[in-house]
$ cat coords-v3.cif   # mmCIF, C-alpha atoms
data_run
loop_
_atom_site.label_atom_id
_atom_site.label_comp_id
_atom_site.auth_asym_id
_atom_site.auth_seq_id
_atom_site.Cartn_x
_atom_site.Cartn_y
_atom_site.Cartn_z
CA MET A 1453 -23.74 4.71 0.74
CA ALA A 1454 -27.16 3.26 0.42
CA THR A 1455 -25.86 -0.27 0.21
CA THR A 1456 -25.61 -2.08 3.45
CA TYR A 1457 -23.04 -4.72 4.12
CA ARG A 1458 -22.87 -7.81 6.24
CA ILE A 1459 -20.47 -8.72 8.97
CA ALA A 1460 -19.40 -12.33 9.10
CA VAL A 1461 -17.74 -14.29 11.86
CA VAL A 1462 -15.87 -17.43 10.91
CA GLY A 1463 -14.50 -19.80 13.49
CA ASP A 1464 -15.25 -22.84 15.57
CA TRP A 1465 -18.70 -23.10 17.03
CA GLU A 1466 -17.82 -22.17 20.60
CA SER A 1467 -16.03 -18.99 19.62
CA VAL A 1468 -18.65 -17.91 17.19
CA MET A 1469 -21.99 -18.62 18.77
CA GLY A 1470 -22.08 -15.51 20.90
CA PHE A 1471 -21.91 -13.29 17.85
CA ARG A 1472 -25.01 -14.88 16.52
CA ALA A 1473 -26.99 -13.26 19.31
CA LEU A 1474 -25.74 -9.88 18.11
CA GLY A 1475 -27.12 -10.48 14.67
CA LEU A 1476 -23.88 -11.07 12.83
CA ASP A 1477 -23.61 -13.79 10.24
CA THR A 1478 -21.86 -16.64 11.88
CA TYR A 1479 -20.25 -19.56 10.13
CA PRO A 1480 -19.20 -22.26 12.54
CA ILE A 1481 -16.37 -23.93 10.67
CA SER A 1482 -13.41 -25.75 12.06
CA ALA A 1483 -11.75 -27.20 8.96
CA PRO A 1484 -9.27 -24.80 7.34
CA GLU A 1485 -10.14 -25.89 3.82
CA GLU A 1486 -13.80 -25.22 4.38
CA ALA A 1487 -13.01 -21.85 5.94
CA ARG A 1488 -10.90 -20.91 2.94
CA ARG A 1489 -13.74 -21.68 0.59
CA LYS A 1490 -16.20 -19.82 2.76
CA ILE A 1491 -14.09 -16.68 2.95
CA HIS A 1492 -13.62 -16.56 -0.80
CA GLU A 1493 -17.34 -17.02 -1.17
CA LEU A 1494 -18.09 -14.27 1.35
CA ALA A 1495 -15.69 -11.90 -0.34
CA LYS A 1496 -17.78 -12.08 -3.48
CA THR A 1497 -20.98 -11.17 -1.67
CA ASN A 1498 -21.65 -7.92 0.14
CA CYS A 1499 -19.62 -8.78 3.17
CA ALA A 1500 -17.47 -5.93 4.45
CA VAL A 1501 -15.92 -7.30 7.59
CA ILE A 1502 -14.97 -10.88 8.34
CA TYR A 1503 -13.89 -11.73 11.84
CA LEU A 1504 -11.74 -14.82 11.73
CA THR A 1505 -10.47 -16.72 14.71
CA GLU A 1506 -6.72 -16.86 15.04
CA GLN A 1507 -6.82 -20.63 15.31
CA LEU A 1508 -8.11 -20.80 11.75
CA ALA A 1509 -6.05 -17.88 10.50
CA ALA A 1510 -2.87 -19.65 11.54
CA LYS A 1511 -3.60 -22.24 8.88
CA LEU A 1512 -4.73 -19.78 6.21
CA PRO A 1513 -2.00 -17.19 5.75
CA ASP A 1514 -2.54 -17.18 1.99
CA VAL A 1515 -6.13 -16.05 2.42
CA LEU A 1516 -5.06 -13.17 4.66
CA ASP A 1517 -2.48 -12.08 2.11
CA ARG A 1518 -4.97 -12.31 -0.69
CA TYR A 1519 -7.36 -9.81 0.89
CA LYS A 1520 -4.83 -7.63 2.67
CA ASP A 1521 -4.75 -4.99 -0.05
CA GLU A 1522 -8.41 -5.10 -0.95
CA LEU A 1523 -10.78 -2.50 0.39
CA ARG A 1524 -13.40 -5.11 1.06
CA PRO A 1525 -13.57 -7.43 2.91
CA ALA A 1526 -11.51 -6.52 5.91
CA ILE A 1527 -10.41 -9.73 7.57
CA ILE A 1528 -9.89 -9.05 11.25
CA LEU A 1529 -8.43 -11.67 13.52
CA ILE A 1530 -9.99 -12.30 16.88
CA PRO A 1531 -8.81 -14.69 19.55
CA GLY A 1532 -10.83 -17.87 19.57
CA ARG A 1533 -11.86 -19.72 22.63
CA GLY A 1534 -8.42 -21.28 22.88
CA GLY A 1535 -6.87 -17.93 23.65
CA SER A 1536 -4.87 -15.45 21.66
CA LEU A 1537 -2.03 -16.76 19.55
CA GLY A 1538 -0.55 -13.32 18.95
CA ILE A 1539 -1.08 -13.54 15.21
CA GLY A 1540 -3.11 -10.36 15.18
CA LYS A 1541 -0.27 -8.49 16.84
CA ASP A 1542 2.25 -10.07 14.51
CA ASN A 1543 0.24 -8.86 11.56
CA ILE A 1544 0.43 -5.27 12.77
CA GLN A 1545 4.16 -5.73 13.13
CA ASN A 1546 4.35 -7.09 9.59
CA SER A 1547 2.48 -4.17 8.15
CA ILE A 1548 4.84 -1.77 9.92
CA GLU A 1549 7.82 -3.60 8.50
CA ARG A 1550 6.27 -3.52 5.12
CA ALA A 1551 5.67 0.20 5.23
CA VAL A 1552 8.87 1.33 6.83
CA GLY A 1553 11.17 -1.32 5.45
CA ALA A 1554 12.50 -2.04 8.90
CA ASP A 1555 11.17 -2.84 12.31
CA ILE A 1556 11.20 0.46 14.13
CA LEU A 1557 8.81 0.15 17.04
CA MET B 1006 28.06 3.10 -17.44
CA PRO B 1007 24.43 2.09 -17.79
CA LYS B 1008 22.33 2.64 -20.86
CA LEU B 1009 23.90 5.60 -22.58
CA ASN B 1010 22.39 4.92 -25.95
CA VAL B 1011 21.04 8.42 -26.37
CA ASN B 1012 21.45 10.50 -29.47
CA PRO B 1013 23.86 13.31 -28.72
CA THR B 1014 21.71 16.01 -30.26
CA ARG B 1015 20.46 19.29 -28.99
CA MET B 1016 16.88 18.18 -29.27
CA GLU B 1017 17.55 15.14 -27.12
CA LEU B 1018 19.33 17.36 -24.61
CA THR B 1019 16.33 19.66 -24.27
CA ARG B 1020 14.06 16.65 -23.89
CA LEU B 1021 16.25 15.13 -21.20
CA LYS B 1022 16.46 18.38 -19.29
CA GLY B 1023 12.68 18.56 -19.25
CA LYS B 1024 12.53 14.97 -18.08
CA LEU B 1025 14.98 15.67 -15.29
CA ARG B 1026 12.98 18.65 -14.09
CA THR B 1027 9.79 16.59 -14.00
CA ALA B 1028 11.54 13.75 -12.22
CA GLN B 1029 12.93 16.05 -9.58
CA ARG B 1030 9.59 17.66 -8.98
CA GLY B 1031 7.88 14.28 -8.82
CA HIS B 1032 10.51 13.06 -6.44
CA LYS B 1033 9.96 15.95 -4.09
CA LEU B 1034 6.19 15.56 -4.14
CA LEU B 1035 6.33 11.81 -3.60
CA LYS B 1036 8.76 12.25 -0.77
CA ASP B 1037 6.40 14.68 0.92
CA LYS B 1038 3.56 12.26 0.38
CA ARG B 1039 5.56 9.41 1.86
CA ASP B 1040 6.50 11.40 4.93
CA GLU B 1041 2.96 12.52 5.61
CA LEU B 1042 1.58 9.03 5.04
CA MET B 1043 4.16 7.63 7.39
CA LYS B 1044 3.15 10.09 10.08
CA GLN B 1045 -0.51 9.17 9.73
CA PHE B 1046 0.34 5.50 9.53
CA LEU B 1047 2.34 5.45 12.73
CA GLU B 1048 -0.48 7.22 14.54
CA THR B 1049 -2.97 4.68 13.25
CA VAL B 1050 -0.74 1.78 14.14
CA ARG B 1051 -0.33 2.99 17.68
CA GLU B 1052 -4.09 3.20 17.96
CA VAL B 1053 -4.50 -0.27 16.46
CA ARG B 1054 -2.12 -1.76 18.97
CA THR B 1055 -3.83 -0.43 22.04
CA LEU B 1056 -7.28 -1.18 20.69
CA ARG B 1057 -6.32 -4.68 19.65
CA ALA B 1058 -4.90 -5.42 23.05
CA GLU B 1059 -8.09 -4.16 24.66
CA VAL B 1060 -10.35 -6.09 22.32
CA GLU B 1061 -8.41 -9.30 22.74
CA GLU B 1062 -8.50 -9.03 26.47
CA GLU B 1063 -12.20 -8.27 26.58
CA LEU B 1064 -13.00 -11.01 24.12
CA MET B 1065 -11.21 -13.51 26.30
CA THR B 1066 -13.37 -12.39 29.21
CA VAL B 1067 -16.43 -12.85 27.05
CA HIS B 1068 -15.28 -16.29 26.00
CA GLY B 1069 -14.84 -17.09 29.65
CA ALA B 1070 -18.36 -15.91 30.36
CA PHE B 1071 -19.69 -18.12 27.60
CA THR B 1072 -17.78 -21.06 28.98
CA VAL B 1073 -19.36 -20.51 32.36
CA ALA B 1074 -22.76 -20.20 30.72
CA SER B 1075 -22.29 -23.38 28.74
CA ALA B 1076 -21.23 -25.17 31.88
CA LEU B 1077 -24.51 -24.24 33.51
CA MET B 1078 -26.64 -25.14 30.52
CA SER B 1079 -26.75 -28.08 28.20
CA SER B 1080 -25.14 -27.35 24.88
CA GLU B 1081 -28.41 -28.15 23.11
CA ALA B 1082 -30.26 -25.58 25.16
CA MET B 1083 -27.57 -23.04 24.51
CA GLU B 1084 -27.55 -23.70 20.82
CA GLN B 1085 -31.28 -23.41 20.76
CA ALA B 1086 -31.21 -20.18 22.71
CA LEU B 1087 -28.79 -18.55 20.33
CA LEU B 1088 -30.05 -20.13 17.16
CA TYR B 1089 -32.35 -17.44 15.93
CA PRO B 1090 -31.08 -13.90 16.46
CA LYS B 1091 -33.47 -11.13 17.31
CA GLN B 1092 -30.96 -8.45 16.65
CA SER B 1093 -29.63 -7.77 13.22
CA VAL B 1094 -26.83 -5.49 12.26
CA GLU B 1095 -26.60 -3.48 9.12
CA LEU B 1096 -23.26 -2.09 8.20
CA THR B 1097 -22.80 0.91 5.99
CA MET B 1098 -19.43 1.67 4.59
CA GLY B 1099 -18.16 5.09 3.68
CA PHE B 1100 -14.76 6.22 2.59
CA GLN B 1101 -12.26 8.60 3.97
CA ASN B 1102 -9.38 9.83 1.92
CA ILE B 1103 -6.07 9.98 3.73
CA MET B 1104 -3.36 11.21 1.36
CA SER B 1105 -5.04 9.56 -1.63
CA VAL B 1106 -5.57 6.30 0.20
CA ASN B 1107 -9.18 5.32 0.43
CA VAL B 1108 -9.84 3.93 3.84
CA PRO B 1109 -13.18 2.55 4.94
CA VAL B 1110 -15.34 4.12 7.59
CA TYR B 1111 -17.81 1.70 9.05
CA ASP B 1112 -21.05 2.67 10.58
CA PHE B 1113 -23.55 0.19 11.85
CA LYS B 1114 -27.23 0.22 12.59
CA THR B 1115 -28.97 -2.31 14.72
CA LYS B 1116 -32.50 -3.34 14.10
CA THR B 1117 -33.68 -3.07 17.66
CA GLN B 1118 -32.70 0.18 19.18
CA SER B 1119 -32.19 -0.51 22.84
CA ASP B 1120 -29.16 -2.41 23.98
CA SER B 1121 -31.09 -4.33 26.60
CA ASP B 1122 -33.43 -5.86 24.09
CA ILE B 1123 -30.98 -8.04 22.26
CA TYR B 1124 -31.52 -11.39 23.93
CA PRO B 1125 -32.91 -13.75 21.34
CA TYR B 1126 -34.36 -16.16 23.87
CA GLY B 1127 -36.84 -16.34 26.66
CA PHE B 1128 -35.31 -16.00 30.08
CA ALA B 1129 -37.03 -19.06 31.46
CA GLY B 1130 -34.89 -21.76 29.91
CA THR B 1131 -31.55 -20.08 30.14
CA SER B 1132 -29.12 -19.16 32.82
CA GLY B 1133 -28.32 -15.63 33.87
CA GLU B 1134 -24.69 -16.08 32.94
CA LEU B 1135 -25.67 -16.29 29.29
CA ASP B 1136 -27.32 -12.89 29.55
CA THR B 1137 -24.18 -11.43 31.01
CA ALA B 1138 -22.04 -12.99 28.32
CA VAL B 1139 -24.22 -11.73 25.47
CA ASP B 1140 -24.36 -8.33 27.07
CA ALA B 1141 -20.60 -8.15 27.40
CA LEU B 1142 -20.13 -9.28 23.84
CA GLY B 1143 -22.44 -6.53 22.66
CA LYS B 1144 -20.20 -4.01 24.35
CA VAL B 1145 -17.01 -5.46 22.88
CA PHE B 1146 -18.56 -5.45 19.46
CA ARG B 1147 -18.44 -1.66 19.12
CA LYS B 1148 -14.75 -1.75 19.79
CA MET B 1149 -14.30 -4.63 17.39
CA LEU B 1150 -15.86 -2.63 14.60
CA LYS B 1151 -13.61 0.31 15.36
CA LEU B 1152 -10.70 -2.08 15.34
CA ALA B 1153 -11.76 -3.45 11.97
CA GLN B 1154 -11.86 0.06 10.58
CA ILE B 1155 -8.48 1.25 11.76
CA GLU B 1156 -6.73 -2.05 11.21
CA LYS B 1157 -7.90 -2.15 7.64
CA SER B 1158 -6.85 1.48 7.25
CA ALA B 1159 -3.42 0.59 8.57
CA GLN B 1160 -3.11 -2.29 6.11
CA LEU B 1161 -4.14 -0.16 3.17
CA MET B 1162 -1.83 2.63 4.20
CA ALA B 1163 1.06 0.22 4.61
CA GLU B 1164 0.53 -0.90 1.04
CA GLU B 1165 0.42 2.68 -0.23
CA ILE B 1166 3.53 3.64 1.70
CA GLU B 1167 5.39 0.69 0.29
CA LYS B 1168 4.41 1.71 -3.24
CA THR B 1169 5.33 5.35 -2.67
CA ARG B 1170 8.62 4.40 -1.07
CA ARG B 1171 9.53 2.31 -4.09
CA ARG B 1172 8.66 5.12 -6.43
CA VAL B 1173 10.70 7.61 -4.43
CA ASN B 1174 13.68 5.28 -4.43
CA ALA B 1175 13.37 4.50 -8.11
CA LEU B 1176 13.37 8.20 -8.90
CA GLU B 1177 16.13 9.03 -6.48
CA TYR B 1178 18.56 6.25 -7.26
CA VAL B 1179 17.81 5.30 -10.85
CA MET B 1180 15.83 7.78 -12.86
CA ILE B 1181 17.47 11.05 -11.77
CA PRO B 1182 21.12 9.88 -11.82
CA ASP B 1183 20.62 8.17 -15.17
CA THR B 1184 19.13 11.27 -16.71
CA GLN B 1185 21.87 13.45 -15.27
CA GLU B 1186 24.44 11.05 -16.65
CA ALA B 1187 22.83 11.18 -20.08
CA ILE B 1188 22.73 14.98 -20.00
CA ARG B 1189 26.40 15.13 -19.07
CA TYR B 1190 27.20 12.69 -21.85
CA ILE B 1191 25.36 14.76 -24.43
CA ASN B 1192 26.98 17.97 -23.21
CA MET B 1193 30.41 16.44 -23.48
CA LYS B 1194 29.67 15.01 -26.88
CA LEU B 1195 28.38 18.35 -28.15
CA ASP B 1196 31.41 20.20 -26.78
CA GLU B 1197 33.63 17.64 -28.40
CA ASN B 1198 31.86 18.19 -31.70
CA ASP B 1199 32.32 21.94 -31.31
CA ARG B 1200 36.01 21.54 -30.73
CA ALA B 1201 36.29 19.16 -33.67
CA THR B 1202 34.63 21.73 -35.92
CA THR B 1203 36.93 24.51 -34.75
CA ILE B 1204 39.99 22.36 -35.32
CA ARG B 1205 38.77 21.36 -38.75
CA LEU B 1206 38.20 24.99 -39.69
CA MET B 1207 41.63 25.95 -38.48
CA LYS B 1208 43.12 23.08 -40.44
CA VAL B 1209 41.26 24.09 -43.60
CA LYS B 1210 42.35 27.68 -43.14
CA ASP B 1211 45.94 26.55 -42.77
CA MET B 1212 45.71 24.48 -45.91
CA LEU B 1213 44.20 27.35 -47.85
CA LEU B 1214 46.90 29.68 -46.62
CA GLN B 1215 49.61 27.21 -47.53
CA GLU B 1216 48.12 26.90 -51.01
CA ALA B 1217 47.97 30.68 -51.39
CA ILE B 1218 51.60 30.99 -50.32
CA GLU B 1219 52.69 28.31 -52.77
CA GLU B 1220 50.80 30.04 -55.54
CA GLN B 1221 52.36 33.36 -54.63
CA LYS B 1222 55.80 31.79 -54.58
CA GLU B 1223 55.22 30.25 -57.98
CA ARG B 1224 54.03 33.56 -59.37
CA ASP B 1225 57.05 35.33 -57.87
CA ALA B 1226 59.38 32.78 -59.37
CA LYS B 1227 57.76 33.19 -62.77
CA ALA B 1228 57.99 36.98 -62.55
CA LEU B 1229 61.63 36.75 -61.50
CA LYS B 1230 62.33 34.48 -64.44
CA THR B 1231 60.77 36.82 -66.98
CA PHE B 1232 62.54 39.79 -65.36
CA ASN B 1233 65.87 38.02 -65.62
CA ALA B 1234 65.25 37.06 -69.24
CA GLN B 1235 64.41 40.63 -70.19
CA ASN B 1236 67.57 42.02 -68.58
CA THR B 1237 70.00 39.70 -70.21
#
$ encode --input "coords-v3.cif" --output "structure tokens"
Amino acid sequence: MATTYRIAVVGDWESVMGFRALGLDTYPISAPEEARRKIHELAKTNCAVIYLTEQLAAKLPDVLDRYKDELRPAIILIPGRGGSLGIGKDNIQNSIERAVGADIL
Amino acid sequence: MPKLNVNPTRMELTRLKGKLRTAQRGHKLLKDKRDELMKQFLETVREVRTLRAEVEEELMTVHGAFTVASALMSSEAMEQALLYPKQSVELTMGFQNIMSVNVPVYDFKTKTQSDSDIYPYGFAGTSGELDTAVDALGKVFRKMLKLAQIEKSAQLMAEEIEKTRRRVNALEYVMIPDTQEAIRYINMKLDENDRATTIRLMKVKDMLLQEAIEEQKERDAKALKTFNAQNT
């Protein structure tokens, strides 16, 4: 419990800059490849929560899958400046389907 | 008939019966676990949905506020204003155990205590809209952290439910029927052996009897012969 963790925000500069004022670690990245590398790198450090913009997440489904079952880091999608793409909601839907075996809600 | 290569012995039968009992007990327990997990999961998911909708909506408002702020300021000034944060957030992570699934519980501490003291810039060079935007973001952030916690919980629980479901199904549709089949097979084989033994015994008895009768007949014949010889 004594260990403290970091919260990272990964996304394009406009979406991310506000979080910097709150004291989160921000990584303004717009290239998917770079973001992929960064997330893997962050996962190895003491980073517990990564907020990722949906715009980037759309291009990195493999990364989301990779960390879905790990306790840390939690990758949480947030809408970027361009608006919500509904991926976050789709992911909830997917996890329901995965658990129940059918879409029930 | 799948994999019936068991030895039809009593020892194997006892072993299989034990196995079946364990499997049935495990099946019941896992089923209970699955049902309870599912209940918790659906609750969590419902929460995630509403919270996510809220967070997304509020974040869009915040993004809008930042857009307005950046329209009123040069991007250099804005970047400069936000470049060096005054606030810093420390996250501690604990665990909560829901039906043997470890889910994270986040708790965060900010370096500066008051909420109004988070602006990392002097007010002179920046517009008021930026203050509003940062302020609003600070409020959304609490919800975002809550969202992170329950969404991750939901993901982890989904994984556990999937695993448990598979185990339950494997037990229900493969393990238990197979074992029952094997037990039935052994029972039948043993009964068959019993019958075979009985028949064999009866057969042997018959043969012995037949032999005894033949012998008796022979002896009778011999006696008759000697009797006849003496009388003539």
$ residues_around --input "coords-v3.cif" --residues "segment 1480-1497 of chain A" --least-positions-apart "5" --cutoff "9 Å" --atoms "all atoms listed in the file" --output "list in words"
Tyr1457, Arg1458, Ala1460, Val1461, Val1462, Gly1463, Asp1464, Trp1465, Glu1466, Ser1467, Val1468, Met1469, Ile1502, Gln1507, Leu1508, Ala1509, Lys1511, Leu1512, Val1515, Tyr1519, Arg1524 and Pro1525 of chain A
$ resolve_selection --input "coords-v3.cif" --expression "the PyMOL selection byres ((chain A) within 6 of (chain B))" --output "PyMOL selection string"
chain A and resi 1456-1457+1473-1475+1521+1526+1528+1533+1547+1551
$ atom_distance --input "coords-v3.cif" --atom1 "atom CA of His1032 of chain B" --atom2 "atom CA of Arg1172 of chain B"
8.2 Å
$ closest_residue --input "coords-v3.cif" --among "A:Val1552, A:Leu1516, A:Ala1510, A:Leu1523" --to "Ile1539 of chain A" --atoms "only C-alpha atoms"
A:Ala1510
$ atom_distance --input "coords-v3.cif" --atom1 "atom CA of Phe1471 of chain A" --atom2 "atom CA of Asp1136 of chain B"
12.9 Å
$ atom_distance --input "coords-v3.cif" --atom1 "atom CA of Gly1540 of chain A" --atom2 "atom CA of Val1145 of chain B"
16.6 Å
$ residues_around --input "coords-v3.cif" --residues "Arg1189 of chain B" --least-positions-apart "2" --cutoff "12 Å" --atoms "all atoms listed in the file" --output "PDB file with C-alpha atoms, in the coordinates of the input"
ATOM      1  CA  LEU B1009      23.900   5.600 -22.580  1.00  0.00           C
ATOM      2  CA  VAL B1011      21.040   8.420 -26.370  1.00  0.00           C
ATOM      3  CA  PRO B1013      23.860  13.310 -28.720  1.00  0.00           C
ATOM      4  CA  GLU B1017      17.550  15.140 -27.120  1.00  0.00           C
ATOM      5  CA  LEU B1018      19.330  17.360 -24.610  1.00  0.00           C
ATOM      6  CA  LEU B1021      16.250  15.130 -21.200  1.00  0.00           C
ATOM      7  CA  LYS B1022      16.460  18.380 -19.290  1.00  0.00           C
ATOM      8  CA  PRO B1182      21.120   9.880 -11.820  1.00  0.00           C
ATOM      9  CA  ASP B1183      20.620   8.170 -15.170  1.00  0.00           C
ATOM     10  CA  THR B1184      19.130  11.270 -16.710  1.00  0.00           C
ATOM     11  CA  GLN B1185      21.870  13.450 -15.270  1.00  0.00           C
ATOM     12  CA  GLU B1186      24.440  11.050 -16.650  1.00  0.00           C
ATOM     13  CA  ALA B1187      22.830  11.180 -20.080  1.00  0.00           C
ATOM     14  CA  ILE B1191      25.360  14.760 -24.430  1.00  0.00           C
ATOM     15  CA  ASN B1192      26.980  17.970 -23.210  1.00  0.00           C
ATOM     16  CA  MET B1193      30.410  16.440 -23.480  1.00  0.00           C
ATOM     17  CA  LYS B1194      29.670  15.010 -26.880  1.00  0.00           C
ATOM     18  CA  LEU B1195      28.380  18.350 -28.150  1.00  0.00           C
ATOM     19  CA  ASP B1196      31.410  20.200 -26.780  1.00  0.00           C
TER      20      ASP B1196
END
$ closest_residue --input "coords-v3.cif" --among "B:Lys1024, B:Thr1049, B:Ile1155, B:Gln1029" --to "Ile1527 of chain A" --atoms "only C-alpha atoms"
B:Ile1155
$ residues_around --input "coords-v3.cif" --residues "Ile1530 of chain A" --least-positions-apart "5" --cutoff "7 Å" --atoms "all atoms listed in the file" --output "list of chain:residue names"
A:Tyr1503, A:Leu1504, A:Thr1505, A:Glu1506, B:Glu1061
$ decode --input "coords-v3.cif" --residues "segment 1009-1034 of chain B" --atoms "N, CA and C atoms" --output "short mmCIF file (atom, residue, chain, number, x, y, z; two decimals), in the first residue's frame"
data_model
loop_
_atom_site.label_atom_id
_atom_site.label_comp_id
_atom_site.auth_asym_id
_atom_site.auth_seq_id
_atom_site.Cartn_x
_atom_site.Cartn_y
_atom_site.Cartn_z
N LEU B 1009 -13.26 -45.17 -23.41
CA LEU B 1009 -13.66 -46.12 -22.37
C LEU B 1009 -12.53 -47.10 -22.10
N ASN B 1010 -11.33 -46.60 -22.11
CA ASN B 1010 -10.21 -47.50 -21.88
C ASN B 1010 -9.86 -47.57 -20.39
N VAL B 1011 -10.88 -47.91 -19.61
CA VAL B 1011 -10.64 -48.06 -18.18
C VAL B 1011 -10.54 -49.55 -17.85
N ASN B 1012 -9.81 -49.84 -16.81
CA ASN B 1012 -9.74 -51.23 -16.38
C ASN B 1012 -11.00 -51.59 -15.62
N PRO B 1013 -11.70 -52.62 -16.03
CA PRO B 1013 -12.92 -52.97 -15.32
C PRO B 1013 -12.63 -53.73 -14.03
N THR B 1014 -12.08 -53.00 -13.07
CA THR B 1014 -11.78 -53.63 -11.78
C THR B 1014 -12.51 -52.90 -10.68
N ARG B 1015 -12.63 -53.56 -9.55
CA ARG B 1015 -13.31 -52.92 -8.44
C ARG B 1015 -12.57 -51.69 -7.94
N MET B 1016 -11.26 -51.78 -7.98
CA MET B 1016 -10.47 -50.65 -7.48
C MET B 1016 -10.72 -49.41 -8.35
N GLU B 1017 -10.72 -49.63 -9.65
CA GLU B 1017 -10.98 -48.54 -10.59
C GLU B 1017 -12.37 -47.96 -10.36
N LEU B 1018 -13.31 -48.85 -10.08
CA LEU B 1018 -14.69 -48.42 -9.84
C LEU B 1018 -14.77 -47.49 -8.64
N THR B 1019 -14.12 -47.90 -7.55
CA THR B 1019 -14.12 -47.06 -6.35
C THR B 1019 -13.49 -45.71 -6.65
N ARG B 1020 -12.39 -45.75 -7.40
CA ARG B 1020 -11.68 -44.52 -7.74
C ARG B 1020 -12.59 -43.59 -8.54
N LEU B 1021 -13.26 -44.18 -9.53
CA LEU B 1021 -14.12 -43.37 -10.39
C LEU B 1021 -15.30 -42.80 -9.62
N LYS B 1022 -15.83 -43.57 -8.69
CA LYS B 1022 -16.94 -43.06 -7.90
C LYS B 1022 -16.52 -41.86 -7.08
N GLY B 1023 -15.31 -41.95 -6.52
CA GLY B 1023 -14.76 -40.82 -5.77
C GLY B 1023 -14.61 -39.61 -6.66
N LYS B 1024 -14.11 -39.85 -7.86
CA LYS B 1024 -13.89 -38.78 -8.82
C LYS B 1024 -15.21 -38.10 -9.18
N LEU B 1025 -16.22 -38.93 -9.37
CA LEU B 1025 -17.53 -38.39 -9.74
C LEU B 1025 -18.09 -37.51 -8.63
N ARG B 1026 -17.93 -37.98 -7.40
CA ARG B 1026 -18.43 -37.19 -6.26
C ARG B 1026 -17.74 -35.84 -6.23
N THR B 1027 -16.40 -35.86 -6.37
CA THR B 1027 -15.65 -34.60 -6.34
C THR B 1027 -16.10 -33.68 -7.48
N ALA B 1028 -16.26 -34.28 -8.65
CA ALA B 1028 -16.65 -33.47 -9.81
C ALA B 1028 -18.00 -32.83 -9.60
N GLN B 1029 -18.93 -33.60 -9.01
CA GLN B 1029 -20.26 -33.04 -8.81
C GLN B 1029 -20.25 -31.93 -7.78
N ARG B 1030 -19.43 -32.12 -6.76
CA ARG B 1030 -19.34 -31.07 -5.74
C ARG B 1030 -18.70 -29.82 -6.33
N GLY B 1031 -17.60 -30.04 -7.07
CA GLY B 1031 -16.93 -28.91 -7.72
C GLY B 1031 -17.87 -28.19 -8.66
N HIS B 1032 -18.64 -28.94 -9.37
CA HIS B 1032 -19.58 -28.36 -10.32
C HIS B 1032 -20.59 -27.46 -9.63
N LYS B 1033 -21.09 -27.94 -8.51
CA LYS B 1033 -22.08 -27.16 -7.77
C LYS B 1033 -21.46 -25.85 -7.25
N LEU B 1034 -20.26 -26.01 -6.68
CA LEU B 1034 -19.59 -24.82 -6.12
C LEU B 1034 -19.29 -23.80 -7.20
#
